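To be precise, the following lines are query_35.pdb, and they hold PDB, C-alpha atoms.
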```pdb
MODEL        1
ATOM      1  CA  MET H   2      -2.370 -32.018  20.844
ATOM      2  CA  LYS H   3      -2.120 -32.193  17.067
ATOM      3  CA  VAL H   4      -5.537 -30.587  16.598
ATOM      4  CA  GLY H   5      -4.540 -27.847  19.068
ATOM      5  CA  SER H   6      -1.368 -26.987  17.181
ATOM      6  CA  VAL H   7      -3.260 -26.912  13.874
ATOM      7  CA  VAL H   8      -5.809 -24.501  15.409
ATOM      8  CA  VAL H   9      -3.007 -22.283  16.800
ATOM      9  CA  ARG H  10      -1.330 -22.237  13.363
ATOM     10  CA  LEU H  11      -4.613 -21.360  11.675
ATOM     11  CA  VAL H  12      -5.353 -18.544  14.154
ATOM     12  CA  LYS H  13      -1.776 -17.242  13.801
ATOM     13  CA  GLY H  14      -2.045 -17.352  10.004
ATOM     14  CA  PHE H  15      -5.416 -15.577  10.091
ATOM     15  CA  ALA H  16      -4.049 -12.838  12.396
ATOM     16  CA  MET H  17      -0.918 -12.450  10.253
ATOM     17  CA  PHE H  18      -3.039 -12.109   7.113
ATOM     18  CA  TRP H  19      -5.103  -9.272   8.638
ATOM     19  CA  TRP H  20      -1.980  -7.592  10.038
ATOM     20  CA  ASP H  21      -0.309  -7.683   6.596
ATOM     21  CA  PHE H  22      -3.560  -6.653   4.938
ATOM     22  CA  LEU H  23      -4.364  -3.659   7.180
ATOM     23  CA  VAL H  24      -0.943  -2.554   8.435
ATOM     24  CA  GLY H  25       1.888  -4.197   6.457
ATOM     25  CA  ASP H  26       4.678  -1.769   5.598
ATOM     26  CA  THR H  27       2.427   1.321   5.803
ATOM     27  CA  PRO H  28       1.444   1.666   9.494
ATOM     28  CA  GLU H  29       1.121   5.438   8.972
ATOM     29  CA  ILE H  30      -1.912   4.865   6.707
ATOM     30  CA  THR H  31      -3.667   2.663   9.285
ATOM     31  CA  VAL H  32      -3.012   5.169  12.080
ATOM     32  CA  ALA H  33      -4.167   8.040   9.857
ATOM     33  CA  VAL H  34      -7.471   6.294   9.008
ATOM     34  CA  VAL H  35      -8.176   5.634  12.719
ATOM     35  CA  VAL H  36      -7.474   9.329  13.453
ATOM     36  CA  ILE H  37      -9.677  10.430  10.504
ATOM     37  CA  ILE H  38     -12.581   8.318  11.796
ATOM     38  CA  GLY H  39     -12.169   9.797  15.293
ATOM     39  CA  VAL H  40     -12.011  13.408  14.073
ATOM     40  CA  VAL H  41     -14.980  13.039  11.693
ATOM     41  CA  ALA H  42     -17.007  11.264  14.400
ATOM     42  CA  LEU H  43     -16.370  14.204  16.726
ATOM     43  CA  LEU H  44     -17.291  16.731  14.033
ATOM     44  CA  SER H  45     -20.358  14.898  12.806
ATOM     45  CA  GLU H  46     -21.916  13.389  15.906
ATOM     46  CA  ALA H  47     -20.637  15.535  18.779
ATOM     47  CA  ALA H  48     -20.303  18.990  17.183
ATOM     48  CA  HIS H  49     -23.045  18.477  14.545
ATOM     49  CA  ALA H  50     -20.789  20.273  12.056
ATOM     50  CA  ASN H  51     -21.897  18.341   8.957
ATOM     51  CA  ALA H  52     -20.380  20.714   6.376
ATOM     52  CA  VAL H  53     -16.975  20.616   8.092
ATOM     53  CA  ALA H  54     -17.244  16.806   8.367
ATOM     54  CA  PHE H  55     -17.965  16.167   4.658
ATOM     55  CA  VAL H  56     -15.215  18.558   3.546
ATOM     56  CA  GLY H  57     -12.810  17.366   6.240
ATOM     57  CA  LEU H  58     -13.145  13.623   5.529
ATOM     58  CA  PRO H  59     -11.709  13.620   1.959
ATOM     59  CA  LEU H  60      -9.292  16.416   2.873
ATOM     60  CA  LEU H  61      -7.813  14.405   5.757
ATOM     61  CA  ALA H  62      -7.615  11.314   3.507
ATOM     62  CA  ILE H  63      -5.684  13.354   0.905
ATOM     63  CA  ILE H  64      -3.295  14.697   3.580
ATOM     64  CA  ALA H  65      -2.725  11.140   4.880
ATOM     65  CA  LEU H  66      -2.005   9.814   1.374
ATOM     66  CA  ALA H  67       0.342  12.713   0.569
ATOM     67  CA  GLY H  68       2.134  12.181   3.886
ATOM     68  CA  SER H  69       2.647   8.479   3.190
ATOM     69  CA  VAL H  70       3.956   9.156  -0.351
ATOM     70  CA  GLN H  71       6.248  11.864   1.075
ATOM     71  CA  ARG H  72       7.581   9.359   3.653
ATOM     72  CA  ALA H  73       8.362   6.845   0.875
ATOM     73  CA  THR H  74       9.971   9.557  -1.258
ATOM     74  CA  ARG H  75      12.254  10.592   1.618
ATOM     75  CA  ALA H  76      13.222   6.964   2.197
ATOM     76  CA  ALA H  77      14.080   6.581  -1.507
ATOM     77  CA  ARG H  78      16.132   9.795  -1.414
ATOM     78  CA  ARG H  79      18.122   8.501   1.591
ATOM     79  CA  LYS H  80      18.908   5.274  -0.302
ATOM     80  CA  ARG H  81      20.183   7.203  -3.356
ATOM     81  CA  PRO H  82      24.029   7.101  -3.615
TER      82      PRO H  82
ATOM     83  CA  MET W  18     -37.273  15.618 -10.547
ATOM     84  CA  MET W  19     -36.993  13.455  -7.410
ATOM     85  CA  SER W  20     -37.098  10.241  -9.468
ATOM     86  CA  VAL W  21     -34.362  11.568 -11.788
ATOM     87  CA  LEU W  22     -32.181  12.354  -8.742
ATOM     88  CA  ILE W  23     -32.758   8.877  -7.249
ATOM     89  CA  ALA W  24     -32.039   7.199 -10.628
ATOM     90  CA  THR W  25     -28.802   9.203 -11.017
ATOM     91  CA  SER W  26     -27.582   8.360  -7.504
ATOM     92  CA  VAL W  27     -28.389   4.644  -7.933
ATOM     93  CA  THR W  28     -26.620   4.570 -11.327
ATOM     94  CA  SER W  29     -23.513   6.387 -10.039
ATOM     95  CA  GLY W  30     -23.251   3.989  -7.089
ATOM     96  CA  VAL W  31     -23.576   1.001  -9.415
ATOM     97  CA  VAL W  32     -21.014   2.369 -11.896
ATOM     98  CA  VAL W  33     -18.386   2.873  -9.180
ATOM     99  CA  LEU W  34     -19.203  -0.518  -7.606
ATOM    100  CA  VAL W  35     -18.958  -2.380 -10.937
ATOM    101  CA  GLY W  36     -15.746  -0.554 -11.910
ATOM    102  CA  ALA W  37     -14.046  -1.140  -8.546
ATOM    103  CA  VAL W  38     -14.995  -4.833  -8.289
ATOM    104  CA  PHE W  39     -14.157  -5.603 -11.946
ATOM    105  CA  LEU W  40     -10.722  -3.936 -11.932
ATOM    106  CA  ALA W  41      -9.741  -5.240  -8.479
ATOM    107  CA  CYS W  42     -10.707  -8.815  -9.402
ATOM    108  CA  ALA W  43      -8.964  -8.579 -12.796
ATOM    109  CA  VAL W  44      -5.693  -7.405 -11.175
ATOM    110  CA  GLU W  45      -5.770 -10.172  -8.540
ATOM    111  CA  MET W  46      -6.646 -12.772 -11.194
ATOM    112  CA  VAL W  47      -3.633 -11.741 -13.316
ATOM    113  CA  GLU W  48      -1.385 -12.263 -10.273
ATOM    114  CA  ALA W  49      -2.911 -15.654  -9.396
ATOM    115  CA  LEU W  50      -2.870 -16.838 -13.011
ATOM    116  CA  THR W  51       0.835 -16.002 -13.382
ATOM    117  CA  ILE W  52       1.644 -18.374 -10.500
ATOM    118  CA  VAL W  53      -0.682 -21.171 -11.746
ATOM    119  CA  LEU W  54       0.773 -20.944 -15.288
ATOM    120  CA  ALA W  55       4.323 -21.102 -13.896
ATOM    121  CA  VAL W  56       3.433 -24.160 -11.775
ATOM    122  CA  GLY W  57       1.608 -25.890 -14.647
ATOM    123  CA  HIS W  58       4.347 -25.310 -17.232
ATOM    124  CA  THR W  59       7.150 -26.371 -14.865
ATOM    125  CA  ARG W  60       5.749 -29.270 -12.822
ATOM    126  CA  GLY W  61       2.701 -30.441 -14.736
ATOM    127  CA  TRP W  62      -0.917 -29.369 -14.853
ATOM    128  CA  ARG W  63      -2.444 -32.029 -12.600
ATOM    129  CA  SER W  64      -1.112 -30.633  -9.303
ATOM    130  CA  ALA W  65      -1.569 -27.039 -10.530
ATOM    131  CA  PHE W  66      -5.268 -27.700 -11.201
ATOM    132  CA  GLU W  67      -5.705 -29.607  -7.926
ATOM    133  CA  GLY W  68      -4.177 -26.743  -5.925
ATOM    134  CA  THR W  69      -6.342 -24.219  -7.791
ATOM    135  CA  GLY W  70      -9.478 -26.319  -7.281
ATOM    136  CA  VAL W  71      -8.956 -26.770  -3.518
ATOM    137  CA  ALA W  72      -8.231 -23.027  -3.122
ATOM    138  CA  LEU W  73     -11.460 -22.164  -4.980
ATOM    139  CA  VAL W  74     -13.460 -24.544  -2.732
ATOM    140  CA  ALA W  75     -11.906 -22.934   0.390
ATOM    141  CA  LEU W  76     -12.734 -19.449  -0.917
ATOM    142  CA  THR W  77     -16.325 -20.480  -1.713
ATOM    143  CA  ALA W  78     -16.678 -21.857   1.838
ATOM    144  CA  LEU W  79     -15.440 -18.532   3.236
ATOM    145  CA  VAL W  80     -17.986 -16.572   1.171
ATOM    146  CA  ALA W  81     -20.764 -18.983   2.215
ATOM    147  CA  ALA W  82     -19.780 -18.612   5.902
ATOM    148  CA  PHE W  83     -19.197 -14.857   6.112
ATOM    149  CA  GLY W  84     -21.497 -13.517   3.355
ATOM    150  CA  PRO W  85     -24.848 -14.202   5.085
ATOM    151  CA  ALA W  86     -23.374 -13.249   8.506
ATOM    152  CA  LEU W  87     -22.373  -9.790   7.249
ATOM    153  CA  VAL W  88     -25.966  -9.076   6.201
ATOM    154  CA  HIS W  89     -27.003  -9.232   9.908
ATOM    155  CA  VAL W  90     -24.504  -6.552  11.039
ATOM    156  CA  PRO W  91     -26.250  -3.159  11.566
ATOM    157  CA  LEU W  92     -25.840  -1.120   8.375
ATOM    158  CA  SER W  93     -24.150   1.968   9.901
ATOM    159  CA  THR W  94     -21.617  -0.227  11.780
ATOM    160  CA  LEU W  95     -20.978  -2.298   8.643
ATOM    161  CA  ARG W  96     -20.485   0.835   6.532
ATOM    162  CA  LEU W  97     -18.072   2.369   9.053
ATOM    163  CA  ILE W  98     -15.956  -0.813   9.235
ATOM    164  CA  VAL W  99     -16.102  -1.325   5.465
ATOM    165  CA  GLY W 100     -15.334   2.363   4.861
ATOM    166  CA  GLY W 101     -12.291   2.215   7.146
ATOM    167  CA  VAL W 102     -10.990  -1.014   5.577
ATOM    168  CA  LEU W 103     -11.514   0.347   2.051
ATOM    169  CA  LEU W 104      -9.775   3.625   2.933
ATOM    170  CA  ILE W 105      -6.725   1.729   4.253
ATOM    171  CA  PHE W 106      -6.725  -0.797   1.399
ATOM    172  CA  GLY W 107      -7.341   1.867  -1.275
ATOM    173  CA  MET W 108      -4.649   4.205   0.049
ATOM    174  CA  GLN W 109      -2.134   1.312   0.143
ATOM    175  CA  TRP W 110      -2.904   0.490  -3.525
ATOM    176  CA  LEU W 111      -2.799   4.147  -4.549
ATOM    177  CA  ARG W 112       0.496   4.785  -2.734
ATOM    178  CA  LYS W 113       2.087   1.758  -4.417
ATOM    179  CA  ALA W 114       0.778   2.789  -7.869
ATOM    180  CA  ILE W 115       2.005   6.401  -7.379
ATOM    181  CA  LEU W 116       5.491   5.212  -6.352
ATOM    182  CA  ARG W 117       5.637   2.821  -9.336
ATOM    183  CA  SER W 118       4.445   5.492 -11.796
ATOM    184  CA  SER W 119       7.037   7.957 -10.532
ATOM    185  CA  GLY W 120       9.879   5.425 -10.796
ATOM    186  CA  LEU W 121      10.499   5.277  -7.028
ATOM    187  CA  LYS W 122       9.429   1.631  -6.884
ATOM    188  CA  ALA W 123       9.982  -1.157  -9.433
ATOM    189  CA  LYS W 124       6.899  -2.004 -11.492
ATOM    190  CA  HIS W 125       5.106  -5.309 -10.861
ATOM    191  CA  ASP W 126       6.653  -7.440 -13.593
ATOM    192  CA  GLU W 127       4.620 -10.581 -14.358
ATOM    193  CA  ASP W 128       7.454 -11.933 -16.536
ATOM    194  CA  ALA W 129       9.917 -11.621 -13.633
ATOM    195  CA  ILE W 130       7.442 -13.226 -11.201
ATOM    196  CA  TYR W 131       6.852 -16.061 -13.692
ATOM    197  CA  GLU W 132      10.605 -16.647 -14.092
ATOM    198  CA  GLU W 133      11.187 -16.476 -10.314
ATOM    199  CA  THR W 134       8.410 -19.021  -9.652
ATOM    200  CA  VAL W 135       9.732 -21.332 -12.387
ATOM    201  CA  ALA W 136      13.294 -21.130 -10.973
ATOM    202  CA  GLU W 137      12.003 -21.859  -7.444
ATOM    203  CA  LEU W 138      10.030 -24.888  -8.669
ATOM    204  CA  ARG W 139      12.944 -26.226 -10.763
ATOM    205  CA  ALA W 140      15.252 -25.921  -7.751
ATOM    206  CA  ALA W 141      12.869 -28.203  -5.841
ATOM    207  CA  GLY W 142      13.994 -31.125  -8.066
ATOM    208  CA  GLU W 143      12.106 -33.796  -9.990
ATOM    209  CA  SER W 144       8.317 -33.644  -9.992
ATOM    210  CA  PRO W 145       6.634 -36.868  -8.855
ATOM    211  CA  ASP W 146       3.153 -37.920  -9.973
ATOM    212  CA  ARG W 147       1.583 -36.480  -6.814
ATOM    213  CA  ASP W 148       3.505 -33.193  -6.588
ATOM    214  CA  ARG W 149       3.093 -31.622  -3.140
ATOM    215  CA  ILE W 150       5.237 -28.544  -3.893
ATOM    216  CA  ALA W 151       3.289 -27.682  -7.046
ATOM    217  CA  PHE W 152      -0.024 -28.225  -5.230
ATOM    218  CA  VAL W 153       0.972 -25.933  -2.322
ATOM    219  CA  MET W 154       2.344 -23.252  -4.675
ATOM    220  CA  ALA W 155      -0.826 -23.179  -6.816
ATOM    221  CA  PHE W 156      -3.065 -23.299  -3.706
ATOM    222  CA  LYS W 157      -1.231 -20.435  -1.984
ATOM    223  CA  GLY W 158      -1.212 -18.285  -5.132
ATOM    224  CA  VAL W 159      -4.919 -18.699  -5.811
ATOM    225  CA  PHE W 160      -6.046 -18.601  -2.153
ATOM    226  CA  LEU W 161      -4.117 -15.461  -1.133
ATOM    227  CA  GLU W 162      -5.016 -13.472  -4.263
ATOM    228  CA  GLY W 163      -8.571 -14.858  -4.095
ATOM    229  CA  LEU W 164      -8.908 -13.757  -0.466
ATOM    230  CA  GLU W 165      -8.410 -10.152  -1.567
ATOM    231  CA  VAL W 166     -11.114 -10.662  -4.216
ATOM    232  CA  VAL W 167     -13.457 -12.119  -1.572
ATOM    233  CA  ILE W 168     -12.845  -9.190   0.804
ATOM    234  CA  THR W 169     -13.419  -6.642  -1.991
ATOM    235  CA  VAL W 170     -16.638  -8.340  -3.141
ATOM    236  CA  LEU W 171     -18.021  -8.886   0.374
ATOM    237  CA  THR W 172     -17.239  -5.381   1.668
ATOM    238  CA  LEU W 173     -18.361  -3.449  -1.410
ATOM    239  CA  GLY W 174     -21.307  -5.748  -2.146
ATOM    240  CA  THR W 175     -22.841  -5.918   1.332
ATOM    241  CA  SER W 176     -22.433  -2.226   2.180
ATOM    242  CA  ALA W 177     -24.051  -1.225  -1.123
ATOM    243  CA  HIS W 178     -26.757  -3.917  -0.693
ATOM    244  CA  ARG W 179     -25.661  -5.354  -4.043
ATOM    245  CA  LEU W 180     -23.770  -8.513  -3.077
ATOM    246  CA  GLY W 181     -25.274 -10.450  -6.014
ATOM    247  CA  LEU W 182     -24.175  -7.845  -8.552
ATOM    248  CA  ALA W 183     -20.680  -7.646  -7.015
ATOM    249  CA  ALA W 184     -20.352 -11.459  -7.156
ATOM    250  CA  ILE W 185     -21.488 -11.569 -10.821
ATOM    251  CA  VAL W 186     -19.056  -8.792 -11.831
ATOM    252  CA  ALA W 187     -16.218 -10.560  -9.953
ATOM    253  CA  THR W 188     -17.016 -13.858 -11.715
ATOM    254  CA  ILE W 189     -17.044 -12.129 -15.137
ATOM    255  CA  ALA W 190     -13.658 -10.470 -14.399
ATOM    256  CA  VAL W 191     -12.095 -13.736 -13.200
ATOM    257  CA  VAL W 192     -13.438 -15.778 -16.166
ATOM    258  CA  LEU W 193     -12.485 -13.084 -18.700
ATOM    259  CA  VAL W 194      -8.916 -12.744 -17.397
ATOM    260  CA  GLY W 195      -8.716 -16.551 -17.155
ATOM    261  CA  ILE W 196      -9.667 -17.001 -20.834
ATOM    262  CA  VAL W 197      -7.385 -14.186 -22.026
ATOM    263  CA  GLY W 198      -4.589 -15.496 -19.786
ATOM    264  CA  VAL W 199      -4.833 -19.027 -21.181
ATOM    265  CA  VAL W 200      -4.880 -17.675 -24.779
ATOM    266  CA  VAL W 201      -1.873 -15.364 -24.363
ATOM    267  CA  ALA W 202      -0.194 -17.825 -21.931
ATOM    268  CA  LYS W 203       3.013 -16.187 -20.732
ATOM    269  CA  GLN W 204       2.291 -12.648 -21.995
ATOM    270  CA  LEU W 205       0.437 -11.417 -18.913
ATOM    271  CA  SER W 206       3.144  -8.769 -18.504
ATOM    272  CA  SER W 207       1.477  -6.776 -21.305
ATOM    273  CA  VAL W 208      -1.525  -6.113 -19.023
ATOM    274  CA  PRO W 209      -1.301  -2.460 -17.862
ATOM    275  CA  GLU W 210      -1.357  -3.595 -14.244
ATOM    276  CA  ASN W 211      -0.115  -0.375 -12.635
ATOM    277  CA  ALA W 212      -2.713   1.767 -14.421
ATOM    278  CA  MET W 213      -5.416  -0.718 -13.338
ATOM    279  CA  LYS W 214      -4.095  -0.698  -9.777
ATOM    280  CA  MET W 215      -4.185   3.105  -9.756
ATOM    281  CA  ALA W 216      -7.783   3.141 -11.018
ATOM    282  CA  VAL W 217      -8.797   0.575  -8.362
ATOM    283  CA  GLY W 218      -7.016   2.631  -5.692
ATOM    284  CA  VAL W 219      -8.937   5.774  -6.688
ATOM    285  CA  LEU W 220     -12.271   3.885  -6.682
ATOM    286  CA  LEU W 221     -11.586   2.140  -3.338
ATOM    287  CA  VAL W 222     -10.557   5.398  -1.632
ATOM    288  CA  SER W 223     -13.675   7.109  -3.065
ATOM    289  CA  TYR W 224     -15.892   4.274  -1.797
ATOM    290  CA  GLY W 225     -14.014   4.196   1.526
ATOM    291  CA  THR W 226     -14.494   7.947   2.046
ATOM    292  CA  PHE W 227     -18.178   7.700   1.160
ATOM    293  CA  TRP W 228     -18.986   4.694   3.388
ATOM    294  CA  THR W 229     -16.923   6.039   6.319
ATOM    295  CA  GLY W 230     -19.001   9.227   6.083
ATOM    296  CA  GLU W 231     -22.251   7.247   5.859
ATOM    297  CA  GLY W 232     -21.218   5.151   8.877
ATOM    298  CA  LEU W 233     -20.539   8.338  10.868
ATOM    299  CA  LYS W 234     -23.905   9.828   9.782
ATOM    300  CA  VAL W 235     -22.337  12.513   7.566
ATOM    301  CA  ARG W 236     -24.991  13.865   5.172
ATOM    302  CA  TRP W 237     -23.295  14.020   1.761
ATOM    303  CA  PRO W 238     -24.541  16.705  -0.645
ATOM    304  CA  GLY W 239     -26.345  14.877  -3.486
ATOM    305  CA  ASN W 240     -26.370  11.617  -1.466
ATOM    306  CA  ASP W 241     -24.918   8.683  -3.517
ATOM    307  CA  THR W 242     -24.092  11.046  -6.417
ATOM    308  CA  MET W 243     -21.264  12.378  -4.229
ATOM    309  CA  LEU W 244     -19.412   9.122  -5.025
ATOM    310  CA  LEU W 245     -18.977  10.326  -8.608
ATOM    311  CA  GLY W 246     -17.756  13.671  -7.257
ATOM    312  CA  LEU W 247     -15.086  12.024  -5.088
ATOM    313  CA  VAL W 248     -13.567  10.027  -7.994
ATOM    314  CA  PRO W 249     -12.276  13.072 -10.007
ATOM    315  CA  ILE W 250     -11.020  14.727  -6.799
ATOM    316  CA  TYR W 251      -8.853  11.701  -5.958
ATOM    317  CA  LEU W 252      -7.789  11.355  -9.620
ATOM    318  CA  VAL W 253      -6.433  14.916  -9.655
ATOM    319  CA  VAL W 254      -4.696  14.377  -6.282
ATOM    320  CA  THR W 255      -3.108  11.149  -7.610
ATOM    321  CA  TRP W 256      -1.892  12.936 -10.745
ATOM    322  CA  LEU W 257      -0.372  15.726  -8.628
ATOM    323  CA  LEU W 258       1.319  13.256  -6.259
ATOM    324  CA  VAL W 259       2.800  11.305  -9.209
ATOM    325  CA  ALA W 260       4.174  14.578 -10.650
ATOM    326  CA  LEU W 261       5.659  15.595  -7.277
ATOM    327  CA  ALA W 262       7.126  12.136  -6.572
ATOM    328  CA  ARG W 263       8.673  12.003 -10.077
ATOM    329  CA  ARG W 264      10.897  14.948  -9.153
ATOM    330  CA  SER W 265      12.459  12.800  -6.422
ATOM    331  CA  SER W 266      12.825   9.608  -8.467
ATOM    332  CA  PRO W 267      16.350   8.316  -9.260
ATOM    333  CA  SER W 268      15.629   8.478 -13.024
ATOM    334  CA  ALA W 269      14.700  12.168 -12.778
ATOM    335  CA  HIS W 270      17.836  12.732 -10.684
ATOM    336  CA  ALA W 271      19.995  10.962 -13.297
ATOM    337  CA  GLU W 272      18.435  13.034 -16.092
ATOM    338  CA  ALA W 273      19.145  16.249 -14.185
ATOM    339  CA  LEU W 274      22.793  15.217 -13.675
ATOM    340  CA  ALA W 275      23.183  14.356 -17.367
ATOM    341  CA  GLN W 276      22.027  17.818 -18.474
TER     342      GLN W 276
ENDMDL
END
```
Representation of the structure as structure tokens:
Amino acid sequence: MKVGSVVVRLVKGFAMFWWDFLVGDTPEITVAVVVIIGVVALLSEAAHANAVAFVGLPLLAIIALAGSVQRATRAARRKRP
Amino acid sequence: MMSVLIATSVTSGVVVLVGAVFLACAVEMVEALTIVLAVGHTRGWRSAFEGTGVALVALTALVAAFGPALVHVPLSTLRLIVGGVLLIFGMQWLRKAILRSSGLKAKHDEDAIYEETVAELRAAGESPDRDRIAFVMAFKGVFLEGLEVVITVLTLGTSAHRLGLAAIVATIAVVLVGIVGVVVAKQLSSVPENAMKMAVGVLLVSYGTFWTGEGLKVRWPGNDTMLLGLVPIYLVVTWLLVALARRSSPSAHAEALAQ
């Protein structure tokens, strides 16, 4: 019983660490990266559009970063008295 | 001509790898050291060192368990996973550094963290010979910050096939910050942590973009040399985002009202 609860705590802690590490307070970044991978996979492997894929990958990353910063900026503006 | 191109691409990959691993490990080491110094000064060095030692053993065991296993994962799968993780991790760091630079988020203050940790430890009461609280605090500080170092070294090192180099660079960064930290003791706040975090963010996002592309079979122009092309692109974007975010910061708003 004791060993079982220690294992559950360890697994919970491990899962929590990865959740905090990959999602934390910026779920929009995680979602954006999953979308980026999907779009680039379609462009590169299905459509064989290599040029669009290598331009699109950093471009989508920049849009995702700008969107996340914009979200934080709006939140800060709302907090301002 | 071909050999020059190969040499350039290998060198650019190594430069970005060394820079990213060194800066990331240095930043994490500053954070871990702040906690260990606070524990040692407040509740004695014995438990602080014991907690640090056990955390280092646990981290070494993790590297020994997962390091060789990662080598057996197919390279394109490994690069896609690593690329995705680095993109997420790098963008989180970059976002935080941009918000701190623009004044929208408070800067990471090592002095404040030191004082907070000291106050928390003092509130726990007298420190016995075998101090459980100090041990746990030092262990948690070193293990959690060290885990980020381990992930950075393992992901960057294995996907670039340079795990040994990544481990050596990480060790140098940790030892160097450790020595400097012990010499300057409580003055870790003078380390330009946000600038370092921003540089690491740019390098991690560049690496993340590159490896994600490699994992998805994107053929980069100039192969590995493209890594050096991605770094200035993300630097300019970061600079622009800082400038744009500054316009919305409370300090900029206060200045505008004062005029």
Q: For the structure shown, which residues end up in the ChimeraX specification (/W :<9) & /H? Put them as JSON, numbers by chain, please?
A: {"H": [18, 22, 23, 24, 27, 30, 31, 33, 34, 35, 38, 41, 42, 45, 46, 51, 52, 54, 55, 58, 59, 62, 63, 65, 66, 67, 69, 70, 71, 73, 74, 75, 77, 78, 81]}
(Q) Selection in question (the file shown): the PyMOL selection byres ((chain W and resi 166-177) around 7). Which residues does it include, as a PyMOL selection string? (A) chain W and resi 34+38+42+45+80+84+88+95-96+99+162-165+178-180+183-184
Q. Given the choices W:Ile52, W:Val159, W:Leu221, W:Ala136, which gets closest to Gly68 in chain W if the distance is worked out from all atoms listed in the file?
A. W:Val159
Q. When you draw a straight line from CA of Gly158 in chain W to CA of Ala72 in chain W, how long is it in Å?
A.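 So the two atoms, CA of Gly158 in chain W and CA of Ala72 in chain W, lie 8.7 Å apart.
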Q) So, counting all atoms listed in the file, which residue among H:Gly68, H:Lys80, H:Ala50, H:Val9 is closest to Glu29 in chain H? A)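 The closest residue to Glu29 in chain H is H:Gly68.
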Q.
Could you tell me how far CA of Gly120 in chain W sits from CA of Ala260 in chain W, in Å to one decimal place?
A. 10.8 Å
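When CA of Thr51 in chain W is paired with CA of Leu220 in chain W, their separation reads 24.7 Å.
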Where does the PyMOL selection byres ((chain W and resi 65-67) around 7) land in this file, that is, which residues does it pick, as a compact mmCIF listing (two decimals) with C-alpha atoms, in the frame of the given file?
```txt
# COMPACT_ATOMS: atom_id res chain seq x y z
CA VAL W 53 -0.68 -21.17 -11.75
CA VAL W 56 3.43 -24.16 -11.78
CA GLY W 57 1.61 -25.89 -14.65
CA GLY W 61 2.70 -30.44 -14.74
CA TRP W 62 -0.92 -29.37 -14.85
CA ARG W 63 -2.44 -32.03 -12.60
CA SER W 64 -1.11 -30.63 -9.30
CA GLY W 68 -4.18 -26.74 -5.92
CA THR W 69 -6.34 -24.22 -7.79
CA GLY W 70 -9.48 -26.32 -7.28
CA VAL W 71 -8.96 -26.77 -3.52
CA ALA W 151 3.29 -27.68 -7.05
CA PHE W 152 -0.02 -28.22 -5.23
CA ALA W 155 -0.83 -23.18 -6.82
```
